[in-house]
Structures are given as C-alpha cells and as structure tokens.
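Colleague: This structure is in structure tokens; I'll ask about it shortly.
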Amino acid sequence: MKKLAILFVAIGLSGCAELQQVASQYPGIGTDNTEIAAGLKEALNNGISKEVSKLTVKDGFFKNQAVKILLPPELQKVDKTLRDVGLSSLADEGLKVLNRAAEDAVKEATPIFVDAVTRMTFRDAKNILFGADNSATLYLQNTTSSALYSKFNPVVKTSLGRVGADKTWNNIITKYNALPMTADVNPDLNDYVTQQALNGVFKMIAVEEKDIRNNLAARTSDLLKRVFGLQDNR
C-alpha cells in the first residue's frame, strides 16, 4: 500500500520523466490481466509438480493427515462392527487400500490436472490475485471439478482394482452383510475415493499457492516475482 501511495503522489506532482523514473522502481504495477493469469497458472502448476507429486508415493495419502482418506459414515459402522467381532486386521486393511488406490490414481491422473490448468482462463485475474491465499486454487476447483471428476473417476476405478482395494472391500462387505443384526451395505467406493482424492489434490495445490503468496523465496521465476509482487504492494 505504501508503494502504491508513493506512485499516486508521483502522478500528482511529477512530470512524465519523473513519473517514469518512479514507476520503473515498481514494474509489477503495470502487469496486465494476461500476465497475471499466466502467473496464477504457473503457481498452480507448481502446486501440481511440487505438492501433488507427494501424494503419488506410498503413504502419500495414508500418512498425510491433511488429506488421508477416512471412512464415510456408512463404512464407519462396518469398521466398528468388524473390530467388535475380532476382525481388526481386515478393517485396518480396508482403510489402507482406499488410500493406496488414491495414491495410485493421482499418479496416473497428474496430466489431467496439468491440462486443466493449461486450458483454464481467468476472467478476472486481478480479483483472484488479490483474493484469499487459496483463491486461484478455489477458482480451479470451482471451474474444473466436474470435468476432472469425469476423467479421474475411471482412473480411480482402475486403481482400486490394481491395488486390490475392490477385492478387499468385497470381502469386507460380504463378511459384514453376513453378520446377524446388521443392515446390508453396498457403498460406491469408486465415487467416494474419486471425490476424496480430488479434494486431496486441491488441498495440496493450495499449500503451494499459499507459499508463493507469502514466501518470497517460493517465487522461483521472474513471472511469479512480478505477478505476486503486486499483492505485496497493494
């Protein structure tokens, strides 16, 4: 704010030569929406390459408390019942394989997220830049979630099979439904893991966006320095 105030004073008191000299000290002030949008895209892509990649390794979801996939209410009663009848190891495995499927799926689907960022447009780039620490991530989430879901869902389905999650949960549900005094359950694990994995991806992208907004050292290119320097001077 102080730097902008200086510039506005310069506009009122200086001639063209003096104004150009002052403005040259704050090159980011002249950044237009096109360049701001490019900077926001770079920040989101950094989130994918730096933060989302952490989800693709073993335990990337399972041991990350910020994104770990927990059981939905319908399956929590299944988990509790299995533990009550001495099948704790099976219940533990059921939770783990859901996270393994997400880790595997995100690995396969990373190009989908990169493509979504590349194709998206920022209709009001400056409002996004001057918004909350996760404004660009929220914009990506709000404008691409439906399309990402349709592309990501079959990847998750394949991953559930590849890591054996479908067989594990078929065994769990079969055992649970065979127990007396229980109501049969038939959860849509593919939909659930898809939604949770997407949520995890957006959370991790937001981590990088926040870092770039608040940490000068995280602005690793001239474009990021120019664009996010605008918010510093606001």
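Residue numbering restarts at 1 in every chain; chains get A, B, ... in the order shown in the structure tokens, and ligands count up from 1 in that same order.
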Just want the 9 Å neighbourhood of region 214-229 of chain A, counted on only C-alpha atoms, with same-chain residues fewer than 3 positions away dropped. Output as a list of chain:residue names.
Modeller: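 Surrounding residues, per the criterion: A:Tyr26, A:Pro27, A:Gly28, A:Ile29, A:Thr31, A:Glu35, A:Ile36, A:Ala37, A:Ala38, A:Gly39, A:Leu40, A:Glu42, A:Ala43, A:Leu129, A:Asp133, A:Glu208, A:Glu209, A:Lys210, A:Asp211, A:Asp232, A:Asn233, A:Arg234.
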Colleague: May I have the residues from that selection written out with N, CA and C atoms, as an mmCIF file, in the first residue's frame?
Modeller:
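Generated output (again-v9.cif):
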```cif
data_model
loop_
_atom_site.group_PDB
_atom_site.id
_atom_site.type_symbol
_atom_site.label_atom_id
_atom_site.label_comp_id
_atom_site.auth_asym_id
_atom_site.auth_seq_id
_atom_site.Cartn_x
_atom_site.Cartn_y
_atom_site.Cartn_z
ATOM 1 N N TYR A 26 8.819 0.036 -9.612
ATOM 2 C CA TYR A 26 7.746 -0.892 -9.278
ATOM 3 C C TYR A 26 7.144 -1.466 -10.557
ATOM 4 N N PRO A 27 7.949 -2.243 -11.318
ATOM 5 C CA PRO A 27 7.496 -2.729 -12.623
ATOM 6 C C PRO A 27 6.233 -3.573 -12.549
ATOM 7 N N GLY A 28 5.972 -4.225 -11.402
ATOM 8 C CA GLY A 28 4.795 -5.081 -11.302
ATOM 9 C C GLY A 28 3.485 -4.337 -11.392
ATOM 10 N N ILE A 29 3.510 -3.018 -11.089
ATOM 11 C CA ILE A 29 2.276 -2.249 -11.057
ATOM 12 C C ILE A 29 1.617 -2.226 -12.426
ATOM 13 N N THR A 31 1.543 -4.675 -14.581
ATOM 14 C CA THR A 31 1.207 -6.011 -15.046
ATOM 15 C C THR A 31 -0.267 -6.095 -15.431
ATOM 16 N N GLU A 35 -0.789 -11.287 -18.111
ATOM 17 C CA GLU A 35 0.404 -11.746 -17.393
ATOM 18 C C GLU A 35 0.047 -12.255 -16.003
ATOM 19 N N ILE A 36 -0.927 -11.611 -15.356
ATOM 20 C CA ILE A 36 -1.367 -12.082 -14.044
ATOM 21 C C ILE A 36 -1.911 -13.501 -14.165
ATOM 22 N N ALA A 37 -2.736 -13.747 -15.189
ATOM 23 C CA ALA A 37 -3.286 -15.090 -15.409
ATOM 24 C C ALA A 37 -2.172 -16.097 -15.633
ATOM 25 N N ALA A 38 -1.156 -15.692 -16.379
ATOM 26 C CA ALA A 38 -0.017 -16.592 -16.628
ATOM 27 C C ALA A 38 0.707 -16.906 -15.322
ATOM 28 N N GLY A 39 0.833 -15.893 -14.456
ATOM 29 C CA GLY A 39 1.485 -16.120 -13.167
ATOM 30 C C GLY A 39 0.681 -17.022 -12.265
ATOM 31 N N LEU A 40 -0.634 -16.856 -12.274
ATOM 32 C CA LEU A 40 -1.503 -17.719 -11.471
ATOM 33 C C LEU A 40 -1.422 -19.163 -11.960
ATOM 34 N N GLU A 42 1.110 -20.531 -13.464
ATOM 35 C CA GLU A 42 2.412 -21.069 -13.069
ATOM 36 C C GLU A 42 2.394 -21.502 -11.605
ATOM 37 N N ALA A 43 1.735 -20.704 -10.758
ATOM 38 C CA ALA A 43 1.642 -21.065 -9.339
ATOM 39 C C ALA A 43 0.885 -22.370 -9.164
ATOM 40 N N LEU A 129 -5.960 -12.712 -7.857
ATOM 41 C CA LEU A 129 -4.647 -12.426 -7.280
ATOM 42 C C LEU A 129 -4.765 -11.727 -5.938
ATOM 43 N N ASP A 133 -5.660 -16.541 0.204
ATOM 44 C CA ASP A 133 -4.429 -17.281 -0.095
ATOM 45 C C ASP A 133 -4.650 -18.464 -1.023
ATOM 46 N N GLU A 208 0.846 -24.918 -1.990
ATOM 47 C CA GLU A 208 1.876 -24.246 -2.781
ATOM 48 C C GLU A 208 1.463 -22.820 -3.122
ATOM 49 N N GLU A 209 0.191 -22.621 -3.446
ATOM 50 C CA GLU A 209 -0.268 -21.259 -3.747
ATOM 51 C C GLU A 209 -0.035 -20.339 -2.545
ATOM 52 N N LYS A 210 -0.382 -20.811 -1.363
ATOM 53 C CA LYS A 210 -0.194 -20.005 -0.158
ATOM 54 C C LYS A 210 1.280 -19.690 0.064
ATOM 55 N N ASP A 211 2.142 -20.661 -0.198
ATOM 56 C CA ASP A 211 3.574 -20.464 -0.010
ATOM 57 C C ASP A 211 4.094 -19.387 -0.951
ATOM 58 N N ASP A 232 1.891 -7.749 -2.833
ATOM 59 C CA ASP A 232 2.709 -7.204 -1.741
ATOM 60 C C ASP A 232 2.579 -5.689 -1.677
ATOM 61 N N ASN A 233 2.411 -5.072 -2.850
ATOM 62 C CA ASN A 233 2.381 -3.612 -2.927
ATOM 63 C C ASN A 233 0.971 -3.038 -2.782
ATOM 64 N N ARG A 234 -0.009 -3.927 -2.656
ATOM 65 C CA ARG A 234 -1.393 -3.490 -2.636
ATOM 66 C C ARG A 234 -1.737 -2.774 -1.343
#
```
Colleague: Could you make a table, as a tab-separated table, of the residues of region 15-122 of chain A that have an atom within 7 Å of an atom of region 139-156 of chain A, each with its nearest atom pair and distance in Å to one decimal, counting only C-alpha atoms, in chain and number order?
Modeller:
```
residue	atom	partner	partner_atom	distance
A:Ala101	CA	A:Val156	CA	6.7
A:Ala102	CA	A:Val156	CA	6.8
A:Ala105	CA	A:Val156	CA	5.1
A:Ala109	CA	A:Phe152	CA	6.5
A:Ala116	CA	A:Thr144	CA	6.8
```
Colleague: How many Å separate CA of Val185 (chain A) from CA of Gly86 (chain A)?
Modeller: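 Spanning CA of Val185 (chain A) to CA of Gly86 (chain A) is a straight-line distance of 19.6 Å.
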Colleague: Which residue gives the smallest distance to Asn46 (chain A) among A:Tyr192, A:Phe113, A:Phe61, A:Tyr176, with only C-alpha atoms counted?
Modeller: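 Ranking A:Tyr192, A:Phe113, A:Phe61, A:Tyr176 by distance to Asn46 (chain A), first place goes to A:Phe113.
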Colleague: Pick the closest to Leu95 (chain A) from A:Ile205, A:Ala165, A:Ile112, A:Leu82: which is it, counting only C-alpha atoms?
Modeller: A:Ala165
Colleague: Hey, what's within 12 Å of Leu179 (chain A) if we count only C-alpha atoms and toss same-chain stuff fewer than 4 positions away? As a CSV table (one decimal) with N, CA and C atoms, in the first residue's frame, please?
Modeller:
```
chain,number,residue,atom,x,y,z
A,78,VAL,N,-19.4,-50.3,9.6
A,78,VAL,CA,-18.8,-51.5,9.2
A,78,VAL,C,-17.5,-51.8,9.9
A,81,THR,N,-18.0,-52.6,13.6
A,81,THR,CA,-18.6,-54.0,13.8
A,81,THR,C,-17.5,-55.0,13.6
A,82,LEU,N,-16.7,-54.9,12.5
A,82,LEU,CA,-15.6,-55.8,12.3
A,82,LEU,C,-14.6,-55.9,13.4
A,84,ASP,N,-15.3,-55.2,16.5
A,84,ASP,CA,-16.0,-55.8,17.7
A,84,ASP,C,-16.0,-57.3,17.6
A,85,VAL,N,-16.0,-57.9,16.4
A,85,VAL,CA,-16.0,-59.3,16.2
A,85,VAL,C,-14.7,-59.9,16.0
A,172,ILE,N,-14.8,-57.5,2.8
A,172,ILE,CA,-15.2,-56.9,4.0
A,172,ILE,C,-16.8,-56.8,4.0
A,173,ILE,N,-17.3,-56.3,2.9
A,173,ILE,CA,-18.8,-56.1,2.8
A,173,ILE,C,-19.5,-57.5,2.9
A,174,THR,N,-18.9,-58.5,2.3
A,174,THR,CA,-19.5,-59.8,2.3
A,174,THR,C,-19.6,-60.3,3.8
A,175,LYS,N,-18.5,-60.2,4.5
A,175,LYS,CA,-18.4,-60.6,5.9
A,175,LYS,C,-19.4,-59.8,6.7
A,183,ALA,N,-27.7,-54.3,8.9
A,183,ALA,CA,-28.3,-54.0,7.6
A,183,ALA,C,-27.3,-54.0,6.5
A,184,ASP,N,-27.7,-54.6,5.4
A,184,ASP,CA,-26.8,-54.7,4.3
A,184,ASP,C,-26.3,-53.3,3.8
A,185,VAL,N,-25.0,-53.3,3.4
A,185,VAL,CA,-24.5,-52.0,2.8
A,185,VAL,C,-23.9,-52.3,1.5
```
Colleague: Rank A:Ala132, A:Val52, A:Val57, A:Leu90 by their smallest atom-to-atom distance to Ala197 (chain A), using only C-alpha atoms, and report the top residue only.
Modeller: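 Residue with the minimum atom-to-atom distance to Ala197 (chain A): A:Val52.
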Colleague: Given only C-alpha atoms as the basis, pick out the residue of A:Asn186, A:Asn171, A:Asn134, A:Ser89 nearest to Arg213 (chain A).
Modeller: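 Among the listed residues, the smallest separation from Arg213 (chain A) belongs to A:Asn134.
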Colleague: Report the distance between CA of Val207 (chain A) and CA of Asp104 (chain A) in Å, rounded to one decimal place.
Modeller: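 Atom-to-atom, CA of Val207 (chain A) to CA of Asp104 (chain A), that is 20.9 Å.
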